[in-house]
Amino acid sequence: MLLYLHIPFCHRICPYCSFYKHTPGATSIGSFIDALTEEAKQRLIEKPRTIYLGGGTPSMLSPSHLSRLFTALHEKIDFSKLDEVTLEANPATFDAAKAKLFRELGVTRVSLGIQSFAPHILEILGREHTVAQASESISILREAGIPSINIDLMFSIPGQSKADWEETLQHTIALKPDHISAYNLTYEEDTVFFESLRRGEMRENEDHDAEFFHLADELLEAAGFDHYETSNYAKPAHHSSHNQGYWRGEDYLGLGPSAVSTIDSVRSKNIPDTARYVTQVQSIGHALHESESLDAEARRLERIALGLRTKDGILISLLSPDALARAGHLANEGLLHFSNDRITLIHRGRALVDPIASELI
Ligand code: SF4
């Protein structure tokens, strides 16, 4: 089982972000930490294989809040048996002392939300950090002894040229991270970017998307990264074990406001409201808000959609006879490949994962 903890706080809100998050405002972070540790006490029964602290910005928690949270986790979990403990971080929110604390608390992997090394793109994205802070944060984490460092990047951003993207990729490679995630910007509902798109002030460009995707694939593979999932690249032995668990369909427990869990084919979601989350956990020990049972068909479709994103692809036996015939046509177009009992996307097909998944489900 995988364990996810959602920390909803950010210093400021990026205009493209659709995760559940907010500035601390009137919320007491101390009460939130108390509620999160209480929820872990009540709901964490099975031993997890990995832990992932996401958000929001977990790295903006103060040293004392981080220590309180991890002390509670260490009481429940033998960290020496875990495959991986990941913490999402923003370069503007930690210094050398805090990075050292991450390591002392048991963090093995830090995922840095950098997005771009071009100042004008960071400005468009409303990011809190500077290019210098982003570059320096890698050496701070290395010196603190963090074994695995990921850099999150984003492409197809309005105002981003191909040269900007290439420069960001080259800058990233030069910093020698262990893992890189490169996401195509998507315009999610209820974001400022989505509104700009609706008003015609921003435009999607599928040609750009594919071109930027292939540039990342070419440069990062040439630099020794394994392109093991649509948006993810790893140096040997630095693949994200937690995310691989999601893609393989392992059970996961999500704690914190808005966190989703899937256990024994039941998907549930916590209330997406931090104040109500805290009150509810204080009174009844959990903050479950909705749940549904996933039948075999729903799980099969999910296996296809997630598996096609990975280098390992999917088992042919997951496809219906009609979908298998359509897969044959896609293979003739050079978009996917049949080998033994599996199908994997290749060449142009890797940039077309969503439309191809729709064809096959
Ligand atoms: S820092 Fe991360 S979680 Fe917070 S608003 Fe920006 S993208 Fe969203």
# chains A, B, ... in the order shown; residues from 1 in each chain; ligands from 1

call {"tool": "closest_atom_pairs", "arguments": {"of": "chain A", "to": "ligand 1", "cutoff": "8 Å", "atoms": "only C-alpha atoms and all ligand atoms", "output": "JSON lines"}}
result
{"residue": "A:Pro8", "atom": "CA", "partner": "ligand 1", "partner_atom_place_in_ligand_line": "3 (S)", "distance": 7.5}
{"residue": "A:Phe9", "atom": "CA", "partner": "ligand 1", "partner_atom_place_in_ligand_line": "4 (Fe)", "distance": 7.1}
{"residue": "A:Cys10", "atom": "CA", "partner": "ligand 1", "partner_atom_place_in_ligand_line": "4 (Fe)", "distance": 4.7}
{"residue": "A:His11", "atom": "CA", "partner": "ligand 1", "partner_atom_place_in_ligand_line": "4 (Fe)", "distance": 7.3}
{"residue": "A:Arg12", "atom": "CA", "partner": "ligand 1", "partner_atom_place_in_ligand_line": "5 (S)", "distance": 6.2}
{"residue": "A:Ile13", "atom": "CA", "partner": "ligand 1", "partner_atom_place_in_ligand_line": "5 (S)", "distance": 3.9}
{"residue": "A:Cys14", "atom": "CA", "partner": "ligand 1", "partner_atom_place_in_ligand_line": "6 (Fe)", "distance": 4.2}
{"residue": "A:Pro15", "atom": "CA", "partner": "ligand 1", "partner_atom_place_in_ligand_line": "5 (S)", "distance": 7.3}
{"residue": "A:Tyr16", "atom": "CA", "partner": "ligand 1", "partner_atom_place_in_ligand_line": "7 (S)", "distance": 7.1}
{"residue": "A:Cys17", "atom": "CA", "partner": "ligand 1", "partner_atom_place_in_ligand_line": "8 (Fe)", "distance": 4.5}
{"residue": "A:Ser18", "atom": "CA", "partner": "ligand 1", "partner_atom_place_in_ligand_line": "8 (Fe)", "distance": 6.7}
{"residue": "A:Phe19", "atom": "CA", "partner": "ligand 1", "partner_atom_place_in_ligand_line": "8 (Fe)", "distance": 5.9}
{"residue": "A:Tyr20", "atom": "CA", "partner": "ligand 1", "partner_atom_place_in_ligand_line": "3 (S)", "distance": 7.6}
{"residue": "A:Lys21", "atom": "CA", "partner": "ligand 1", "partner_atom_place_in_ligand_line": "3 (S)", "distance": 6.1}
{"residue": "A:His22", "atom": "CA", "partner": "ligand 1", "partner_atom_place_in_ligand_line": "5 (S)", "distance": 7.5}
{"residue": "A:Gly55", "atom": "CA", "partner": "ligand 1", "partner_atom_place_in_ligand_line": "3 (S)", "distance": 5.3}
{"residue": "A:Gly56", "atom": "CA", "partner": "ligand 1", "partner_atom_place_in_ligand_line": "3 (S)", "distance": 3.7}
{"residue": "A:Thr57", "atom": "CA", "partner": "ligand 1", "partner_atom_place_in_ligand_line": "4 (Fe)", "distance": 5.8}
{"residue": "A:Asn90", "atom": "CA", "partner": "ligand 1", "partner_atom_place_in_ligand_line": "1 (S)", "distance": 6.7}
{"residue": "A:Gly113", "atom": "CA", "partner": "ligand 1", "partner_atom_place_in_ligand_line": "2 (Fe)", "distance": 6.9}
{"residue": "A:Gly126", "atom": "CA", "partner": "ligand 1", "partner_atom_place_in_ligand_line": "6 (Fe)", "distance": 7.9}
{"residue": "A:Arg127", "atom": "CA", "partner": "ligand 1", "partner_atom_place_in_ligand_line": "6 (Fe)", "distance": 6.7}
{"residue": "A:Glu128", "atom": "CA", "partner": "ligand 1", "partner_atom_place_in_ligand_line": "1 (S)", "distance": 7.7}

call {"tool": "write_last_selection", "arguments": {"atoms": "N, CA, C and O atoms", "output": "PDB file, in the first residue's frame"}}
result
ATOM      1  N   PRO A   8      -2.096  21.272   2.362  1.00  0.00           N
ATOM      2  CA  PRO A   8      -2.767  22.171   1.408  1.00  0.00           C
ATOM      3  C   PRO A   8      -2.242  23.602   1.332  1.00  0.00           C
ATOM      4  O   PRO A   8      -2.789  24.407   0.587  1.00  0.00           O
ATOM      5  N   PHE A   9      -1.189  23.930   2.087  1.00  0.00           N
ATOM      6  CA  PHE A   9      -0.778  25.338   2.174  1.00  0.00           C
ATOM      7  C   PHE A   9       0.236  25.734   1.104  1.00  0.00           C
ATOM      8  O   PHE A   9       1.155  24.973   0.791  1.00  0.00           O
ATOM      9  N   CYS A  10       0.071  26.942   0.563  1.00  0.00           N
ATOM     10  CA  CYS A  10       1.058  27.538  -0.353  1.00  0.00           C
ATOM     11  C   CYS A  10       1.200  29.008   0.037  1.00  0.00           C
ATOM     12  O   CYS A  10       0.228  29.618   0.490  1.00  0.00           O
ATOM     13  N   HIS A  11       2.397  29.569  -0.178  1.00  0.00           N
ATOM     14  CA  HIS A  11       2.581  30.989   0.111  1.00  0.00           C
ATOM     15  C   HIS A  11       1.764  31.844  -0.840  1.00  0.00           C
ATOM     16  O   HIS A  11       1.218  32.860  -0.484  1.00  0.00           O
ATOM     17  N   ARG A  12       1.750  31.417  -2.125  1.00  0.00           N
ATOM     18  CA  ARG A  12       0.871  32.111  -3.069  1.00  0.00           C
ATOM     19  C   ARG A  12       0.363  31.120  -4.112  1.00  0.00           C
ATOM     20  O   ARG A  12       0.931  30.035  -4.261  1.00  0.00           O
ATOM     21  N   ILE A  13      -0.695  31.518  -4.792  1.00  0.00           N
ATOM     22  CA  ILE A  13      -1.408  30.557  -5.638  1.00  0.00           C
ATOM     23  C   ILE A  13      -1.028  30.760  -7.106  1.00  0.00           C
ATOM     24  O   ILE A  13      -1.175  31.854  -7.650  1.00  0.00           O
ATOM     25  N   CYS A  14      -0.538  29.687  -7.744  1.00  0.00           N
ATOM     26  CA  CYS A  14      -0.145  29.767  -9.159  1.00  0.00           C
ATOM     27  C   CYS A  14      -1.406  29.733 -10.033  1.00  0.00           C
ATOM     28  O   CYS A  14      -2.337  28.954  -9.750  1.00  0.00           O
ATOM     29  N   PRO A  15      -1.436  30.529 -11.104  1.00  0.00           N
ATOM     30  CA  PRO A  15      -2.689  30.701 -11.860  1.00  0.00           C
ATOM     31  C   PRO A  15      -3.127  29.481 -12.688  1.00  0.00           C
ATOM     32  O   PRO A  15      -4.229  29.478 -13.228  1.00  0.00           O
ATOM     33  N   TYR A  16      -2.277  28.447 -12.774  1.00  0.00           N
ATOM     34  CA  TYR A  16      -2.621  27.260 -13.575  1.00  0.00           C
ATOM     35  C   TYR A  16      -3.003  26.065 -12.695  1.00  0.00           C
ATOM     36  O   TYR A  16      -3.366  25.010 -13.191  1.00  0.00           O
ATOM     37  N   CYS A  17      -2.905  26.230 -11.373  1.00  0.00           N
ATOM     38  CA  CYS A  17      -2.936  25.067 -10.473  1.00  0.00           C
ATOM     39  C   CYS A  17      -4.357  24.691 -10.066  1.00  0.00           C
ATOM     40  O   CYS A  17      -5.120  25.533  -9.596  1.00  0.00           O
ATOM     41  N   SER A  18      -4.674  23.394 -10.227  1.00  0.00           N
ATOM     42  CA  SER A  18      -6.030  22.948  -9.885  1.00  0.00           C
ATOM     43  C   SER A  18      -6.045  22.053  -8.650  1.00  0.00           C
ATOM     44  O   SER A  18      -7.088  21.492  -8.317  1.00  0.00           O
ATOM     45  N   PHE A  19      -4.900  21.884  -7.984  1.00  0.00           N
ATOM     46  CA  PHE A  19      -4.897  21.060  -6.758  1.00  0.00           C
ATOM     47  C   PHE A  19      -5.658  21.786  -5.650  1.00  0.00           C
ATOM     48  O   PHE A  19      -5.776  23.017  -5.682  1.00  0.00           O
ATOM     49  N   TYR A  20      -6.090  21.042  -4.652  1.00  0.00           N
ATOM     50  CA  TYR A  20      -6.708  21.715  -3.506  1.00  0.00           C
ATOM     51  C   TYR A  20      -5.597  22.359  -2.672  1.00  0.00           C
ATOM     52  O   TYR A  20      -4.725  21.669  -2.151  1.00  0.00           O
ATOM     53  N   LYS A  21      -5.615  23.668  -2.591  1.00  0.00           N
ATOM     54  CA  LYS A  21      -4.569  24.398  -1.868  1.00  0.00           C
ATOM     55  C   LYS A  21      -5.077  25.782  -1.518  1.00  0.00           C
ATOM     56  O   LYS A  21      -6.048  26.262  -2.108  1.00  0.00           O
ATOM     57  N   HIS A  22      -4.423  26.438  -0.576  1.00  0.00           N
ATOM     58  CA  HIS A  22      -4.786  27.812  -0.208  1.00  0.00           C
ATOM     59  C   HIS A  22      -3.642  28.394   0.597  1.00  0.00           C
ATOM     60  O   HIS A  22      -2.775  27.662   1.099  1.00  0.00           O
ATOM     61  N   GLY A  55       1.075  18.359  -2.207  1.00  0.00           N
ATOM     62  CA  GLY A  55       0.240  19.495  -1.818  1.00  0.00           C
ATOM     63  C   GLY A  55      -0.234  20.283  -3.009  1.00  0.00           C
ATOM     64  O   GLY A  55      -0.401  19.743  -4.086  1.00  0.00           O
ATOM     65  N   GLY A  56      -0.358  21.578  -2.727  1.00  0.00           N
ATOM     66  CA  GLY A  56       0.229  22.381  -1.700  1.00  0.00           C
ATOM     67  C   GLY A  56       1.776  22.350  -1.710  1.00  0.00           C
ATOM     68  O   GLY A  56       2.404  21.891  -2.627  1.00  0.00           O
ATOM     69  N   THR A  57       2.306  22.873  -0.638  1.00  0.00           N
ATOM     70  CA  THR A  57       3.764  22.974  -0.516  1.00  0.00           C
ATOM     71  C   THR A  57       4.221  22.424   0.836  1.00  0.00           C
ATOM     72  O   THR A  57       4.379  23.188   1.802  1.00  0.00           O
ATOM     73  N   ASN A  90       9.211  23.542  -2.695  1.00  0.00           N
ATOM     74  CA  ASN A  90       9.348  24.722  -3.535  1.00  0.00           C
ATOM     75  C   ASN A  90      10.692  25.360  -3.175  1.00  0.00           C
ATOM     76  O   ASN A  90      10.985  25.536  -1.985  1.00  0.00           O
ATOM     77  N   GLY A 113       9.456  21.687  -7.306  1.00  0.00           N
ATOM     78  CA  GLY A 113       8.599  22.337  -8.303  1.00  0.00           C
ATOM     79  C   GLY A 113       9.319  23.543  -8.873  1.00  0.00           C
ATOM     80  O   GLY A 113       9.264  24.625  -8.305  1.00  0.00           O
ATOM     81  N   GLY A 126       3.558  32.712 -12.305  1.00  0.00           N
ATOM     82  CA  GLY A 126       3.296  33.234 -10.953  1.00  0.00           C
ATOM     83  C   GLY A 126       4.084  32.516  -9.880  1.00  0.00           C
ATOM     84  O   GLY A 126       3.622  32.406  -8.743  1.00  0.00           O
ATOM     85  N   ARG A 127       5.272  31.995 -10.240  1.00  0.00           N
ATOM     86  CA  ARG A 127       6.048  31.223  -9.260  1.00  0.00           C
ATOM     87  C   ARG A 127       6.718  32.146  -8.248  1.00  0.00           C
ATOM     88  O   ARG A 127       7.087  33.270  -8.560  1.00  0.00           O
ATOM     89  N   GLU A 128       6.903  31.571  -7.053  1.00  0.00           N
ATOM     90  CA  GLU A 128       7.441  32.337  -5.940  1.00  0.00           C
ATOM     91  C   GLU A 128       8.964  32.445  -6.016  1.00  0.00           C
ATOM     92  O   GLU A 128       9.553  33.401  -5.520  1.00  0.00           O
TER      93      GLU A 128
END

call {"tool": "residues_around", "arguments": {"residues": "Ser135 in chain A", "least_positions_apart": "2", "cutoff": "9 Å", "atoms": "only C-alpha atoms", "output": "short mmCIF file (atom, residue, chain, number, x, y, z; two decimals) with C-alpha atoms, in the first residue's frame"}}
result
data_model
loop_
_atom_site.label_atom_id
_atom_site.label_comp_id
_atom_site.auth_asym_id
_atom_site.auth_seq_id
_atom_site.Cartn_x
_atom_site.Cartn_y
_atom_site.Cartn_z
CA PRO A 91 12.88 26.20 -3.85
CA PHE A 117 14.66 28.25 -15.77
CA THR A 130 13.83 32.87 -8.77
CA VAL A 131 16.08 31.04 -11.25
CA ALA A 132 19.04 31.45 -8.85
CA GLN A 133 17.06 29.95 -5.94
CA SER A 137 18.25 24.43 -4.10
CA ILE A 138 19.73 21.38 -5.86
CA SER A 139 23.15 21.82 -4.21
CA HIS A 171 19.99 23.98 -17.63
CA THR A 172 18.21 21.11 -15.87
CA LEU A 175 22.32 20.48 -12.63
#

call {"tool": "residues_around", "arguments": {"residues": "Thr50 in chain A", "least_positions_apart": "4", "cutoff": "8 Å", "atoms": "only C-alpha atoms", "output": "ChimeraX atom specification"}}
result
/A:1-3,82-85,241-242

call {"tool": "write_last_selection", "arguments": {"atoms": "C-alpha atoms", "output": "PDB file, in the first residue's frame"}}
result
ATOM      1  CA  MET A   1       0.000   0.000   0.000  1.00  0.00           C
ATOM      2  CA  LEU A   2       1.071   3.564  -0.744  1.00  0.00           C
ATOM      3  CA  LEU A   3       0.547   6.400   1.735  1.00  0.00           C
ATOM      4  CA  LEU A  82       9.974   1.748   3.340  1.00  0.00           C
ATOM      5  CA  ASP A  83      11.016   1.854  -0.317  1.00  0.00           C
ATOM      6  CA  GLU A  84      10.845   5.643  -0.477  1.00  0.00           C
ATOM      7  CA  VAL A  85       9.733   8.797   1.382  1.00  0.00           C
ATOM      8  CA  SER A 241       8.530   3.879  -6.638  1.00  0.00           C
ATOM      9  CA  HIS A 242       5.425   5.631  -5.253  1.00  0.00           C
TER      10      HIS A 242
END

call {"tool": "closest_residue", "arguments": {"among": "A:Thr191, A:Thr310, A:Ser258, A:Gln170", "to": "His289 in chain A", "atoms": "only C-alpha atoms"}}
result
A:Ser258

call {"tool": "closest_residue", "arguments": {"among": "A:Leu336, A:Asp354, A:Leu215, A:Ala325", "to": "Ala163 in chain A", "atoms": "only C-alpha atoms"}}
result
A:Leu215

call {"tool": "closest_residue", "arguments": {"among": "A:Pro48, A:Gly145, A:Pro63, A:Pro58", "to": "Gly245 in chain A", "atoms": "only C-alpha atoms"}}
result
A:Pro48

call {"tool": "atom_distance", "arguments": {"atom1": "CA of Tyr277 in chain A", "atom2": "CA of Leu101 in chain A"}}
result
27.4 Å

call {"tool": "atom_distance", "arguments": {"atom1": "CA of Arg348 in chain A", "atom2": "CA of His238 in chain A"}}
result
25.6 Å

call {"tool": "residues_around", "arguments": {"residues": "Leu294 in chain A", "least_positions_apart": "6", "cutoff": "8 Å", "atoms": "only C-alpha atoms", "output": "PyMOL selection string"}}
result
chain A and resi 265-267

call {"tool": "decode", "arguments": {"residues": "range 184-210 of chain A", "atoms": "N, CA, C and O atoms", "output": "CSV table (one decimal), in the first residue's frame"}}
result
chain,number,residue,atom,x,y,z
A,184,ASN,N,3.1,18.6,-19.7
A,184,ASN,CA,2.5,19.5,-20.7
A,184,ASN,C,1.5,20.3,-19.9
A,184,ASN,O,0.6,19.8,-19.2
A,185,LEU,N,1.5,21.7,-20.0
A,185,LEU,CA,0.5,22.5,-19.3
A,185,LEU,C,-0.9,22.1,-19.7
A,185,LEU,O,-1.1,22.0,-20.9
A,186,THR,N,-1.8,21.9,-18.8
A,186,THR,CA,-3.2,21.7,-19.1
A,186,THR,C,-4.0,22.8,-18.5
A,186,THR,O,-3.6,23.3,-17.4
A,187,TYR,N,-5.1,23.2,-19.1
A,187,TYR,CA,-5.9,24.3,-18.7
A,187,TYR,C,-7.1,23.6,-17.9
A,187,TYR,O,-8.0,23.1,-18.5
A,188,GLU,N,-6.9,23.6,-16.6
A,188,GLU,CA,-7.9,23.0,-15.7
A,188,GLU,C,-9.0,23.9,-15.3
A,188,GLU,O,-8.7,25.1,-15.0
A,189,GLU,N,-10.2,23.4,-15.2
A,189,GLU,CA,-11.3,24.3,-14.8
A,189,GLU,C,-11.0,24.9,-13.4
A,189,GLU,O,-10.3,24.4,-12.6
A,190,ASP,N,-11.7,26.1,-13.2
A,190,ASP,CA,-11.5,26.8,-11.9
A,190,ASP,C,-10.1,27.3,-11.7
A,190,ASP,O,-9.6,27.4,-10.6
A,191,THR,N,-9.3,27.6,-12.8
A,191,THR,CA,-8.0,28.2,-12.7
A,191,THR,C,-8.0,29.5,-13.5
A,191,THR,O,-8.9,29.7,-14.4
A,192,VAL,N,-7.1,30.4,-13.1
A,192,VAL,CA,-7.0,31.7,-13.9
A,192,VAL,C,-6.7,31.4,-15.3
A,192,VAL,O,-7.2,32.1,-16.2
A,193,PHE,N,-5.8,30.4,-15.6
A,193,PHE,CA,-5.4,30.1,-17.0
A,193,PHE,C,-6.6,29.6,-17.8
A,193,PHE,O,-6.8,30.0,-18.9
A,194,PHE,N,-7.5,28.8,-17.1
A,194,PHE,CA,-8.7,28.3,-17.8
A,194,PHE,C,-9.6,29.5,-18.3
A,194,PHE,O,-10.1,29.5,-19.4
A,195,GLU,N,-9.7,30.4,-17.4
A,195,GLU,CA,-10.6,31.6,-17.7
A,195,GLU,C,-9.9,32.4,-18.9
A,195,GLU,O,-10.6,32.9,-19.8
A,196,SER,N,-8.6,32.5,-18.8
A,196,SER,CA,-7.9,33.3,-19.9
A,196,SER,C,-8.1,32.5,-21.3
A,196,SER,O,-8.3,33.1,-22.3
A,197,LEU,N,-8.1,31.2,-21.2
A,197,LEU,CA,-8.3,30.4,-22.4
A,197,LEU,C,-9.7,30.6,-22.9
A,197,LEU,O,-10.0,30.8,-24.1
A,198,ARG,N,-10.7,30.6,-22.0
A,198,ARG,CA,-12.1,30.8,-22.4
A,198,ARG,C,-12.3,32.1,-23.0
A,198,ARG,O,-13.1,32.3,-23.9
A,199,ARG,N,-11.6,33.1,-22.5
A,199,ARG,CA,-11.8,34.5,-23.0
A,199,ARG,C,-11.0,34.7,-24.3
A,199,ARG,O,-11.0,35.8,-24.9
A,200,GLY,N,-10.2,33.7,-24.7
A,200,GLY,CA,-9.4,33.8,-25.9
A,200,GLY,C,-8.1,34.5,-25.8
A,200,GLY,O,-7.4,34.8,-26.7
A,201,GLU,N,-7.7,34.7,-24.5
A,201,GLU,CA,-6.4,35.4,-24.3
A,201,GLU,C,-5.3,34.5,-24.3
A,201,GLU,O,-4.1,34.9,-24.5
A,202,MET,N,-5.5,33.2,-24.1
A,202,MET,CA,-4.5,32.1,-24.2
A,202,MET,C,-5.0,31.1,-25.2
A,202,MET,O,-6.3,31.0,-25.4
A,203,ARG,N,-4.1,30.4,-25.9
A,203,ARG,CA,-4.5,29.4,-26.9
A,203,ARG,C,-3.8,28.1,-26.7
A,203,ARG,O,-2.6,28.1,-26.3
A,204,GLU,N,-4.5,27.0,-26.9
A,204,GLU,CA,-3.8,25.7,-26.8
A,204,GLU,C,-3.2,25.5,-28.2
A,204,GLU,O,-3.7,25.9,-29.2
A,205,ASN,N,-2.1,24.8,-28.3
A,205,ASN,CA,-1.4,24.5,-29.6
A,205,ASN,C,-0.9,23.1,-29.6
A,205,ASN,O,0.2,22.8,-29.0
A,206,GLU,N,-1.7,22.2,-30.2
A,206,GLU,CA,-1.3,20.8,-30.2
A,206,GLU,C,0.0,20.5,-30.9
A,206,GLU,O,0.8,19.6,-30.5
A,207,ASP,N,0.3,21.3,-31.9
A,207,ASP,CA,1.6,21.1,-32.6
A,207,ASP,C,2.8,21.4,-31.7
A,207,ASP,O,3.8,20.7,-31.6
A,208,HIS,N,2.6,22.5,-30.9
A,208,HIS,CA,3.6,22.9,-29.9
A,208,HIS,C,3.8,21.8,-28.9
A,208,HIS,O,4.9,21.4,-28.6
A,209,ASP,N,2.6,21.3,-28.4
A,209,ASP,CA,2.7,20.2,-27.4
A,209,ASP,C,3.6,19.1,-27.8
A,209,ASP,O,4.5,18.6,-27.1
A,210,ALA,N,3.3,18.6,-29.1
A,210,ALA,CA,4.0,17.4,-29.6
A,210,ALA,C,5.5,17.7,-29.8
A,210,ALA,O,6.4,17.0,-29.4
